[in-house]
Every structure is written in C-alpha cells, then in structure tokens.
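structure_5.cif, holding mmCIF, C-alpha atoms:
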data_run
#
loop_
_atom_site.label_atom_id
_atom_site.label_comp_id
_atom_site.auth_asym_id
_atom_site.auth_seq_id
_atom_site.Cartn_x
_atom_site.Cartn_y
_atom_site.Cartn_z
CA MET H 251 -5.80 8.58 8.01
CA SER H 252 -2.09 9.14 8.50
CA VAL H 253 -0.52 12.50 7.69
CA ARG H 254 1.43 10.93 4.80
CA LYS H 255 -1.69 9.37 3.26
CA PHE H 256 -3.56 12.66 3.74
CA ARG H 257 -0.77 14.58 1.98
CA ILE H 258 -0.73 12.08 -0.90
CA ALA H 259 -4.52 12.29 -1.22
CA ALA H 260 -4.40 16.09 -1.11
CA LEU H 261 -1.65 16.15 -3.74
CA ALA H 262 -3.72 13.86 -5.97
CA VAL H 263 -6.71 16.22 -5.67
CA LEU H 264 -4.56 19.28 -6.40
CA THR H 265 -2.94 17.55 -9.37
CA ALA H 266 -6.34 16.64 -10.78
CA VAL H 267 -7.47 20.26 -10.44
CA VAL H 268 -4.32 21.86 -11.87
CA LEU H 269 -3.63 19.49 -14.79
CA PRO H 270 -6.04 19.11 -17.70
CA VAL H 271 -7.96 15.84 -17.61
CA ALA H 272 -7.33 15.07 -21.29
CA SER H 273 -3.55 15.40 -20.97
CA PRO H 274 -1.91 12.18 -22.20
CA ALA H 275 0.85 12.59 -19.59
CA VAL H 276 -1.65 12.31 -16.73
CA ALA H 277 -2.86 8.88 -15.66
CA ALA H 278 -4.95 7.61 -12.79
CA PRO H 279 -2.81 7.21 -9.64
CA ALA H 280 -2.73 3.41 -9.93
CA GLU H 281 -1.60 3.67 -13.54
CA THR H 282 1.20 6.22 -13.13
CA ALA H 283 4.02 4.94 -15.32
CA ALA H 284 7.30 4.08 -13.67
CA SER H 285 8.76 2.64 -16.85
CA GLY H 286 6.50 3.75 -19.66
CA ARG H 287 4.59 0.45 -19.45
CA GLY H 288 1.70 1.80 -17.37
CA VAL H 289 3.21 0.31 -14.22
CA PRO H 290 3.04 2.41 -11.05
CA ASP H 291 5.84 3.15 -8.66
CA TYR H 292 6.65 0.54 -6.03
CA GLN H 293 4.76 2.23 -3.18
CA THR H 294 1.56 2.48 -5.23
CA TRP H 295 1.84 -1.16 -6.26
CA GLN H 296 2.36 -2.26 -2.65
CA ALA H 297 -0.70 -0.26 -1.53
CA ASP H 298 -2.74 -1.89 -4.30
CA VAL H 299 -1.46 -5.36 -3.34
CA GLU H 300 -2.28 -4.77 0.34
CA LYS H 301 -5.81 -3.75 -0.61
CA ALA H 302 -6.26 -6.83 -2.81
CA VAL H 303 -5.08 -9.34 -0.18
CA ALA H 304 -6.59 -7.65 2.88
CA PRO H 305 -9.68 -9.93 2.82
CA ALA H 306 -7.60 -13.11 2.39
CA ILE H 307 -6.71 -13.82 6.03
CA PRO H 308 -10.28 -13.17 7.30
CA TRP H 309 -11.50 -15.56 4.57
CA LEU H 310 -8.91 -18.18 5.53
CA ARG H 311 -9.72 -17.74 9.22
CA GLY H 312 -13.36 -18.60 8.46
CA ARG H 313 -12.34 -21.59 6.35
CA SER H 314 -9.92 -22.73 9.04
CA ALA H 315 -12.77 -22.81 11.54
CA GLU H 316 -14.84 -24.96 9.14
CA ARG H 317 -11.86 -27.11 8.31
CA GLY H 318 -12.17 -30.47 6.72
CA GLY H 319 -9.88 -32.27 4.32
CA ASN H 320 -6.51 -30.80 3.42
CA PRO H 321 -6.98 -27.01 3.07
CA ALA H 322 -4.49 -25.11 0.97
CA ILE H 323 -3.76 -21.80 -0.67
CA VAL H 324 -2.37 -21.44 -4.19
CA LEU H 325 -0.05 -18.60 -5.09
CA ASP H 326 1.20 -17.44 -8.47
CA ILE H 327 4.92 -16.63 -8.39
CA ASP H 328 5.89 -13.66 -10.58
CA ASN H 329 4.57 -10.31 -9.33
CA THR H 330 2.42 -12.14 -6.80
CA ALA H 331 4.60 -14.12 -4.38
CA LEU H 332 7.80 -12.48 -5.62
CA GLU H 333 8.36 -8.83 -6.56
CA THR H 334 9.73 -9.90 -9.94
CA TYR H 335 9.24 -6.57 -11.71
CA TYR H 336 10.46 -4.31 -8.90
CA HIS H 337 12.91 -6.46 -6.91
CA PRO H 338 13.58 -9.87 -8.54
CA GLY H 339 13.70 -12.67 -5.98
CA ARG H 340 12.30 -10.63 -3.11
CA ALA H 341 9.10 -11.66 -1.33
CA ASP H 342 5.99 -9.55 -1.86
CA LYS H 343 5.41 -8.88 1.84
CA PRO H 344 1.59 -8.67 1.91
CA VAL H 345 1.38 -12.01 0.07
CA LEU H 346 4.10 -13.56 2.24
CA GLU H 347 2.07 -12.61 5.33
CA VAL H 348 -0.92 -14.52 3.95
CA ALA H 349 1.28 -17.55 3.19
CA GLU H 350 2.83 -17.47 6.66
CA TRP H 351 -0.61 -17.22 8.29
CA ALA H 352 -1.88 -20.17 6.22
CA HIS H 353 1.19 -22.28 7.04
CA LYS H 354 0.94 -21.48 10.75
CA HIS H 355 -2.71 -22.59 10.69
CA HIS H 356 -1.95 -25.92 9.03
CA MET H 357 -2.91 -25.02 5.49
CA ALA H 358 -0.64 -26.13 2.66
CA VAL H 359 1.09 -23.40 0.66
CA LEU H 360 1.10 -24.39 -3.01
CA PHE H 361 2.52 -22.59 -6.04
CA VAL H 362 1.11 -22.69 -9.56
CA THR H 363 3.17 -20.91 -12.18
CA ALA H 364 3.33 -20.27 -15.91
CA ARG H 365 7.05 -20.99 -15.68
CA THR H 366 7.98 -24.28 -17.34
CA SER H 367 10.64 -25.26 -14.80
CA SER H 368 10.48 -25.36 -11.03
CA SER H 369 14.19 -25.90 -10.36
CA SER H 370 15.17 -22.29 -9.66
CA ALA H 371 11.66 -21.12 -8.68
CA ARG H 372 11.46 -23.33 -5.59
CA GLN H 373 14.84 -22.07 -4.37
CA GLN H 374 13.86 -18.43 -5.02
CA LEU H 375 10.66 -18.89 -3.01
CA GLU H 376 12.41 -20.60 -0.11
CA ASP H 377 15.17 -17.96 -0.10
CA ALA H 378 12.42 -15.29 0.05
CA GLY H 379 10.93 -16.97 3.14
CA TYR H 380 8.00 -18.91 1.68
CA PRO H 381 7.01 -22.34 2.91
CA VAL H 382 6.65 -24.50 -0.22
CA ASP H 383 4.50 -27.60 0.18
CA ALA H 384 4.11 -28.25 -3.55
CA MET H 385 4.68 -26.56 -6.89
CA CYS H 386 3.20 -27.14 -10.31
CA THR H 387 4.53 -25.67 -13.54
CA ARG H 388 3.15 -25.25 -17.03
CA GLU H 389 4.08 -27.96 -19.50
CA HIS H 390 5.71 -27.07 -22.82
CA GLY H 391 3.00 -26.37 -25.40
CA GLU H 392 0.35 -25.43 -22.83
CA SER H 393 -1.07 -21.93 -22.67
CA LYS H 394 -0.75 -20.16 -19.34
CA GLU H 395 -4.43 -20.63 -18.56
CA GLU H 396 -4.40 -24.33 -19.56
CA GLY H 397 -1.34 -25.02 -17.45
CA LYS H 398 -2.61 -23.25 -14.39
CA ALA H 399 -6.07 -24.86 -14.59
CA ARG H 400 -4.44 -28.30 -15.04
CA CYS H 401 -2.20 -27.67 -12.04
CA ARG H 402 -5.10 -26.70 -9.77
CA LYS H 403 -7.08 -29.72 -10.98
CA GLU H 404 -4.13 -32.04 -10.24
CA LEU H 405 -3.57 -30.51 -6.81
CA THR H 406 -7.27 -30.98 -6.04
CA ARG H 407 -7.04 -34.58 -7.26
CA ASP H 408 -4.08 -35.01 -4.87
CA GLY H 409 -6.45 -34.20 -1.99
CA TYR H 410 -5.92 -30.47 -1.48
CA ILE H 411 -8.91 -28.19 -0.97
CA ILE H 412 -7.80 -24.90 -2.50
CA THR H 413 -9.51 -22.37 -0.25
CA ALA H 414 -7.76 -19.31 -1.68
CA ASN H 415 -6.12 -18.66 -5.03
CA ILE H 416 -3.94 -15.54 -5.25
CA GLY H 417 -2.57 -14.21 -8.52
CA ASN H 418 -2.20 -11.08 -10.60
CA ARG H 419 -3.37 -12.20 -14.05
CA SER H 420 -6.74 -13.40 -15.32
CA THR H 421 -5.02 -16.66 -16.33
CA ASP H 422 -4.54 -17.37 -12.62
CA PHE H 423 -8.31 -17.81 -12.22
CA ILE H 424 -9.58 -19.43 -15.42
CA GLY H 425 -10.69 -23.03 -15.07
CA GLY H 426 -11.77 -23.09 -11.43
CA TYR H 427 -10.66 -25.63 -8.82
CA PHE H 428 -10.54 -23.09 -5.99
CA GLU H 429 -13.07 -21.64 -3.56
CA LYS H 430 -12.16 -17.95 -3.63
CA GLY H 431 -9.80 -15.90 -5.75
CA PHE H 432 -7.86 -12.79 -4.74
CA LYS H 433 -6.65 -10.82 -7.77
CA LEU H 434 -3.67 -8.54 -7.43
CA PRO H 435 -3.25 -5.70 -9.93
CA ASP H 436 -1.44 -6.33 -13.19
CA TYR H 437 -2.07 -2.88 -14.72
CA ASP H 438 -3.42 -4.13 -18.04
CA GLY H 439 -0.62 -6.67 -18.44
CA GLY H 440 2.23 -4.37 -17.37
CA LEU H 441 3.14 -6.83 -14.60
CA SER H 442 3.14 -10.21 -16.28
#
Take the structure in the file and write it out as structure tokens.
Amino acid sequence: MSVRKFRIAALAVLTAVVLPVASPAVAAPAETAASGRGVPDYQTWQADVEKAVAPAIPWLRGRSAERGGNPAIVLDIDNTALETYYHPGRADKPVLEVAEWAHKHHMAVLFVTARTSSSSARQQLEDAGYPVDAMCTREHGESKEEGKARCRKELTRDGYIITANIGNRSTDFIGGYFEKGFKLPDYDGGLS
C-alpha cells in the first residue's frame, strides 16, 4: 500500500471515529458529495472506475485465446468512455486502456449510447483517443434500456460477439446480448 493510500485510509478511519455515524453531512467515502448530488470527487471516482474495470483485460485475454467469430467490446459513452460529468469530452483513462487493449488484440470497439444522435459523439470519442469500429444510438421514442438492448441485438446480428459490455447504469446491461458485463459506479444515478 502506498503512503498516500495509507494516509487516505487512516484519515477515513479517524473521520469515522471522530464524526457521529448518524450525521447527515457524513457519507460513505464513495458517496462523498462533490456537487450535492451524491457524486464523489474525481479521484474517488477514478479509483472506483479502476476497480470496476480491473478484471476486464484478464477476461478479454482469456476470450482472445479462445477466439472465434468477430469478438468485440461495447462501451457506453457518458461517464463510461468519456468523463462527461467531470471533464466533458475527455477520455476516462481506465476505460480507454481497456479499449486500446481490445483494439490491439483485434477486437472491435463498439459504442452503444442513450444519445439519439451519433454525429458529435463519434468525433468526441475519436478526439479522446478511442478507436470507433461502430456506434449505435437510441431511436426517438425508445427508452434507454430498449435502445441499448436493440443496439446490442443488432450488433450481434451483424456478426459481432460482444465479449465485454462496459457501462455505468443498469440500463447498459438489461436485455442481454453480451457475455460479461463490467459495471462502473453511477452513485445512485448521480452520474447519468
């Protein structure tokens, strides 16, 4: 454990001891409000994202070894691939690393989003450093979960085998059409 992590852990223990548990101003470390919405500070979010995606590359490595068909990963955009809440348009580095690994190992990098237009999204992703093999957006009138499930179904029908699906909302995982999901934190909807 690094000295910085040790100090943060020690501070968290001291804070828990000094402050009353029932105090409404005190929240669990991952829920410390940065904006009053129950969203943590950037460093906490990044640590939580790193923890959530840590098993992704080992999973993909195993799937790469078993490869058949056209393997792919699917990424949500807002507060998954891009740091929309904290730094609009900037790549979420732990997720970008997974995308780069997948691309380097001949897996397609696909994006499924609740956005209803891909015109600016594709450019944002490319500017942030993402390879973009395909993108699917929600149609007008569709719920987020309907749109995302339809997109994954269509991508599967197009011949992709979605080995990993990475997103931060439950709507990113409803409806199947993927082998394994990796859920990033959304802090009870604070990062939508």
Ground truth for the PyMOL selection byres ((chain H and resi 422) around 10), written as a PyMOL selection string: chain H and resi 324-326+362-364+394-399+402+415-421+423-426+431-433
Selection from above, C-alpha atoms, as an mmCIF file, in the coordinates of the input, can you write it?
data_model
loop_
_atom_site.group_PDB
_atom_site.id
_atom_site.type_symbol
_atom_site.label_atom_id
_atom_site.label_comp_id
_atom_site.auth_asym_id
_atom_site.auth_seq_id
_atom_site.Cartn_x
_atom_site.Cartn_y
_atom_site.Cartn_z
ATOM 1 C CA VAL H 324 -2.370 -21.440 -4.190
ATOM 2 C CA LEU H 325 -0.050 -18.600 -5.090
ATOM 3 C CA ASP H 326 1.200 -17.440 -8.470
ATOM 4 C CA VAL H 362 1.110 -22.690 -9.560
ATOM 5 C CA THR H 363 3.170 -20.910 -12.180
ATOM 6 C CA ALA H 364 3.330 -20.270 -15.910
ATOM 7 C CA LYS H 394 -0.750 -20.160 -19.340
ATOM 8 C CA GLU H 395 -4.430 -20.630 -18.560
ATOM 9 C CA GLU H 396 -4.400 -24.330 -19.560
ATOM 10 C CA GLY H 397 -1.340 -25.020 -17.450
ATOM 11 C CA LYS H 398 -2.610 -23.250 -14.390
ATOM 12 C CA ALA H 399 -6.070 -24.860 -14.590
ATOM 13 C CA ARG H 402 -5.100 -26.700 -9.770
ATOM 14 C CA ASN H 415 -6.120 -18.660 -5.030
ATOM 15 C CA ILE H 416 -3.940 -15.540 -5.250
ATOM 16 C CA GLY H 417 -2.570 -14.210 -8.520
ATOM 17 C CA ASN H 418 -2.200 -11.080 -10.600
ATOM 18 C CA ARG H 419 -3.370 -12.200 -14.050
ATOM 19 C CA SER H 420 -6.740 -13.400 -15.320
ATOM 20 C CA THR H 421 -5.020 -16.660 -16.330
ATOM 21 C CA PHE H 423 -8.310 -17.810 -12.220
ATOM 22 C CA ILE H 424 -9.580 -19.430 -15.420
ATOM 23 C CA GLY H 425 -10.690 -23.030 -15.070
ATOM 24 C CA GLY H 426 -11.770 -23.090 -11.430
ATOM 25 C CA GLY H 431 -9.800 -15.900 -5.750
ATOM 26 C CA PHE H 432 -7.860 -12.790 -4.740
ATOM 27 C CA LYS H 433 -6.650 -10.820 -7.770
#
Distance in Å - atom CA of H:Thr406 versus atom CA of H:His356: 16.8 Å
Do you know which residues lie at most 9 Å from (7.3, -27.4, -18.5), with coordinates as in the file and only C-alpha atoms counted, and could you write them as a short mmCIF file (atom, residue, chain, number, x, y, z; two decimals) with C-alpha atoms, in the coordinates of the input?
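Contents of result.cif, freshly written:
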data_model
loop_
_atom_site.label_atom_id
_atom_site.label_comp_id
_atom_site.auth_asym_id
_atom_site.auth_seq_id
_atom_site.Cartn_x
_atom_site.Cartn_y
_atom_site.Cartn_z
CA ALA H 364 3.33 -20.27 -15.91
CA ARG H 365 7.05 -20.99 -15.68
CA THR H 366 7.98 -24.28 -17.34
CA SER H 367 10.64 -25.26 -14.80
CA SER H 368 10.48 -25.36 -11.03
CA THR H 387 4.53 -25.67 -13.54
CA ARG H 388 3.15 -25.25 -17.03
CA GLU H 389 4.08 -27.96 -19.50
CA HIS H 390 5.71 -27.07 -22.82
CA GLY H 391 3.00 -26.37 -25.40
CA GLU H 392 0.35 -25.43 -22.83
#
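With atom CA of H:Cys386 on one side and atom CA of H:Ala371 on the other, the separation reads 10.5 Å.
Proximity of H:Tyr335, H:Glu404, H:His353, H:Arg340 to H:Gln373, computed with all atoms listed in the file, is greatest for H:Arg340.
A straight line drawn from atom CA of H:Ile412 to atom CA of H:Ile323 is 5.4 Å long.
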Cut-off 9 Å around (5.6, -0.8, -8.6) with only C-alpha atoms: residues as a list in words: Ala283, Ala284, Val289, Pro290, Asp291, Tyr292, Gln293, Thr294, Trp295, Gln296, Glu333, Tyr335, Tyr336 and Leu441 of chain H
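Within the file as shown, the PyMOL selection byres ((chain H and resi 411) around 7) identifies Gly319, Asn320, Pro321, Ala322, Thr406, Gly409, Tyr410, Ile412 and Thr413 of chain H.
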Contacts of H:Asp383 at 9 Å (only C-alpha atoms; same-chain gap of 6+ positions) as number ranges by chain: H: 358-361
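Closest approach to H:Ala297 from the set H:Asp436, H:Pro344, H:Trp351, H:Arg400 is made by H:Pro344, with distances taken over all atoms listed in the file.
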Hits from the PyMOL selection byres ((chain H and resi 303) around 10), listed as an MDAnalysis selection string: chainID H and resid 298:302 304:308 344:345 347:348 416:417 431:434
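Between H:Val382 and the residues H:Cys401, H:Asp408, H:Arg311, H:Ala331, the shortest atom-to-atom distance, using only C-alpha atoms, involves H:Ala331.
With distances taken over all atoms listed in the file, H:Lys343 is the one residue among H:Arg313, H:Lys430, H:His337, H:Lys343 lying closest to H:Gly379.
For the set H:Ala384, H:Leu405, H:Ala341, H:Ala414, the residue with the smallest atom-to-atom gap to H:Asp328 is H:Ala341, counting only C-alpha atoms.
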Where is the centre and how long are the edges: axis-aligned box on stretch 347-358 of chain H, 3 Å on each side, Å to one decimal, as JSON:
{"center_x": 0.0, "center_y": -19.4, "center_z": 6.7, "size_x": 11.7, "size_y": 19.5, "size_z": 14.1}
How would stretch 353-369 of chain H read, as a tab-separated table (two decimals), in the coordinates of the input, once N, CA and C atoms are built in?
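Wrote it out as result.tsv, contents follow:
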chain	number	residue	atom	x	y	z
H	353	HIS	N	0.28	-21.23	6.59
H	353	HIS	CA	1.19	-22.28	7.04
H	353	HIS	C	1.07	-22.49	8.55
H	354	LYS	N	1.05	-21.40	9.29
H	354	LYS	CA	0.94	-21.48	10.75
H	354	LYS	C	-0.36	-22.15	11.18
H	355	HIS	N	-1.41	-22.02	10.36
H	355	HIS	CA	-2.71	-22.59	10.69
H	355	HIS	C	-2.98	-23.89	9.92
H	356	HIS	N	-1.90	-24.58	9.59
H	356	HIS	CA	-1.95	-25.92	9.03
H	356	HIS	C	-2.65	-26.01	7.68
H	357	MET	N	-2.44	-24.99	6.87
H	357	MET	CA	-2.91	-25.02	5.49
H	357	MET	C	-1.67	-25.15	4.60
H	358	ALA	N	-1.77	-25.96	3.58
H	358	ALA	CA	-0.64	-26.13	2.66
H	358	ALA	C	-0.47	-24.87	1.82
H	359	VAL	N	0.77	-24.55	1.52
H	359	VAL	CA	1.09	-23.40	0.66
H	359	VAL	C	1.63	-23.98	-0.65
H	360	LEU	N	0.82	-23.81	-1.71
H	360	LEU	CA	1.10	-24.39	-3.01
H	360	LEU	C	1.39	-23.28	-4.02
H	361	PHE	N	2.19	-23.57	-5.01
H	361	PHE	CA	2.52	-22.59	-6.04
H	361	PHE	C	2.17	-23.16	-7.41
H	362	VAL	N	1.47	-22.35	-8.19
H	362	VAL	CA	1.11	-22.69	-9.56
H	362	VAL	C	1.66	-21.56	-10.42
H	363	THR	N	2.48	-21.93	-11.41
H	363	THR	CA	3.17	-20.91	-12.18
H	363	THR	C	3.13	-21.19	-13.67
H	364	ALA	N	3.23	-20.14	-14.45
H	364	ALA	CA	3.33	-20.27	-15.91
H	364	ALA	C	4.76	-20.60	-16.32
H	365	ARG	N	5.68	-20.57	-15.37
H	365	ARG	CA	7.05	-20.99	-15.68
H	365	ARG	C	7.01	-22.47	-16.08
H	366	THR	N	7.96	-22.89	-16.90
H	366	THR	CA	7.98	-24.28	-17.34
H	366	THR	C	9.01	-25.12	-16.59
H	367	SER	N	9.67	-24.53	-15.61
H	367	SER	CA	10.64	-25.26	-14.80
H	367	SER	C	10.52	-24.78	-13.36
H	368	SER	N	10.59	-25.73	-12.44
H	368	SER	CA	10.48	-25.36	-11.03
H	368	SER	C	11.83	-25.36	-10.33
H	369	SER	N	12.89	-25.73	-11.02
H	369	SER	CA	14.19	-25.90	-10.36
H	369	SER	C	14.66	-24.64	-9.64
